[in-house]
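Enquirer: Following this message is one structure expressed as structure tokens.
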Amino acid sequence: MHEKTMLSDTVRGFFRRQAQEWHEAKLRAFRRRGMGKDPSQSGITIVELMVAMTIFSIFTTMFATAMVQFMHTTQRSLMRTQSATEIETSSMQIAHFAQFAKGMQTQNSADGTTQVLFLLLPGYAVGNSGTSEEMMNSDLCVRMTYRNSAWTGKNLSAGTLSWTSARLATGSTAAVTYDDSADMVFASRIINSPSASSPYNRDLFTVSGSELTFSPSDGAVIGGSIIASNTDVTVTARNYDASSAIAQCVVMP
């Protein structure tokens, strides 16, 4: 029995050695196949690695440049759309008041940071309501205030355009009092400014008799370039009266 056990162990040992030698032979074959005929030519050299890295860097740079240009183009398109929308919205807002105005006047602050448009609207045009005749017939002063954008080279902070109003009672000879806390901003991308280079150095409002010209420049700086939309909108006041009490509306913010 002891002899049979020894024989069995000898046979198993033989087959294990054969299997191990077979696996080692296969590994050597794979290594030789990878190295080719000349083992010294196996792997890659420093020069080949540098060439591969250079090519990869070129393609990476081209891709990054294309992506940056695409992002700038997208931002410019978005800014033009937003600018056109704001100009259209603010033009409609101003035209809504100006077409009914019987008096208009502009005034700029002494320090040049604010441009203001004053309008006097008749009571019937603004939908006055109340029980007294004075309330029904009182006019409305509207003050539109543009706080100029600040330019430093090509860097800027956009200006804001807002409005508030005050009732002008019939027969009153005193200046009105505006509620500054009710001043509502309806445009925030306008870049008109006396400190800006052409074509942005221009007044936002110009009044000539019964005509009001609204000349906004709207935009921002993207990628070091100014992206802006410029336009001129002229509105004629249908009820204009040179003898109106517009002077009572002129109270600077």
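Labels for the structure tokens follow display order: chains A, B, ..., residues from 1 in each chain, ligands from 1.
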Which residues are close to A:Leu117, i.e. within 12 Å by only C-alpha atoms, leaving aside same-chain residues fewer than 4 positions away? Reply as number ranges by chain.

Expert: A: 94, 97-98, 101, 103-109, 141-147, 161-165, 203-207, 212-214, 246-247, 249-253

Enquirer: Please give the complete set of residues from stretch 87-239 of chain A that DSSP, run on the backbone, assigns to alpha helix (DSSP H), formatted as a compact mmCIF listing (two decimals) with N, CA, C and O atoms, in the first residue's frame.

Expert:
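See states02.txt below for the written result:
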# COMPACT_ATOMS: atom_id res chain seq x y z
N ILE A 87 -33.75 96.38 -25.61
CA ILE A 87 -34.02 97.62 -26.34
C ILE A 87 -35.48 97.68 -26.77
O ILE A 87 -36.14 98.72 -26.64
N GLU A 88 -35.98 96.57 -27.25
CA GLU A 88 -37.39 96.53 -27.69
C GLU A 88 -38.33 96.78 -26.51
O GLU A 88 -39.29 97.56 -26.61
N THR A 89 -38.06 96.13 -25.39
CA THR A 89 -38.92 96.28 -24.21
C THR A 89 -38.90 97.71 -23.68
O THR A 89 -39.96 98.30 -23.39
N SER A 90 -37.71 98.28 -23.54
CA SER A 90 -37.59 99.64 -23.01
C SER A 90 -38.17 100.67 -23.99
O SER A 90 -38.78 101.66 -23.56
N SER A 91 -38.01 100.43 -25.29
CA SER A 91 -38.58 101.35 -26.29
C SER A 91 -40.10 101.37 -26.21
O SER A 91 -40.73 102.44 -26.29
N MET A 92 -40.69 100.19 -26.04
CA MET A 92 -42.15 100.11 -25.91
C MET A 92 -42.62 100.81 -24.64
O MET A 92 -43.66 101.49 -24.64
N GLN A 93 -41.86 100.65 -23.55
CA GLN A 93 -42.22 101.29 -22.28
C GLN A 93 -42.20 102.80 -22.42
O GLN A 93 -43.11 103.50 -21.96
N ILE A 94 -41.16 103.34 -23.04
CA ILE A 94 -41.03 104.78 -23.19
C ILE A 94 -42.07 105.32 -24.17
O ILE A 94 -42.68 106.37 -23.92
N ALA A 95 -42.28 104.62 -25.27
CA ALA A 95 -43.27 105.06 -26.25
C ALA A 95 -44.67 105.10 -25.65
O ALA A 95 -45.50 105.95 -26.01
N HIS A 96 -44.94 104.17 -24.73
CA HIS A 96 -46.26 104.12 -24.08
C HIS A 96 -46.55 105.43 -23.35
O HIS A 96 -47.68 105.93 -23.37
N PHE A 97 -45.53 106.01 -22.70
CA PHE A 97 -45.70 107.28 -22.00
C PHE A 97 -45.62 108.46 -22.97
O PHE A 97 -46.45 109.38 -22.90
N ALA A 98 -44.60 108.45 -23.83
CA ALA A 98 -44.32 109.63 -24.65
C ALA A 98 -45.43 109.97 -25.64
O ALA A 98 -45.67 111.15 -25.92
N GLU A 133 -63.51 115.47 -8.52
CA GLU A 133 -63.18 115.98 -9.86
C GLU A 133 -61.69 116.29 -9.95
O GLU A 133 -61.06 116.08 -10.98
N GLU A 134 -61.10 116.75 -8.85
CA GLU A 134 -59.69 117.07 -8.83
C GLU A 134 -58.85 115.82 -9.09
O GLU A 134 -57.88 115.84 -9.84
N MET A 135 -59.25 114.70 -8.46
CA MET A 135 -58.53 113.45 -8.66
C MET A 135 -58.67 112.97 -10.09
O MET A 135 -57.71 112.48 -10.69
N MET A 136 -59.85 113.13 -10.65
CA MET A 136 -60.10 112.65 -12.01
C MET A 136 -59.30 113.45 -13.04
O MET A 136 -58.85 112.91 -14.03
N ASN A 137 -59.12 114.74 -12.79
CA ASN A 137 -58.51 115.62 -13.79
C ASN A 137 -57.03 115.91 -13.54
O ASN A 137 -56.38 116.56 -14.35

Enquirer: In Å, how far is it from atom CA of A:Gln99 to atom CA of A:Glu86?

Expert: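 It comes out at 19.8 Å.
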
Enquirer: Work out how far atom CA of A:Ala196 is from atom CA of A:Ser217, in Å to one decimal.

Expert: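 Interatomic distance here is 11.0 Å.
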
Enquirer: Between atom CA of A:Thr113 and atom CA of A:Pro199, measure the distance and give it in Å to one decimal.

Expert: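 Separation of atom CA of A:Thr113 and atom CA of A:Pro199: 17.6 Å.
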
Enquirer: Can you work out which one of A:Glu21, A:Glu48, A:Glu211, A:Asp179 has the shortest atom-to-atom distance to A:Asn239, counting only C-alpha atoms?

Expert: A:Glu211

Enquirer: Between A:Ser181, A:Thr231, A:Ser197, A:Ser208, which residue has the minimum interatomic distance to A:Thr152, considering only C-alpha atoms?

Expert: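 Nearest to A:Thr152: A:Ser197.
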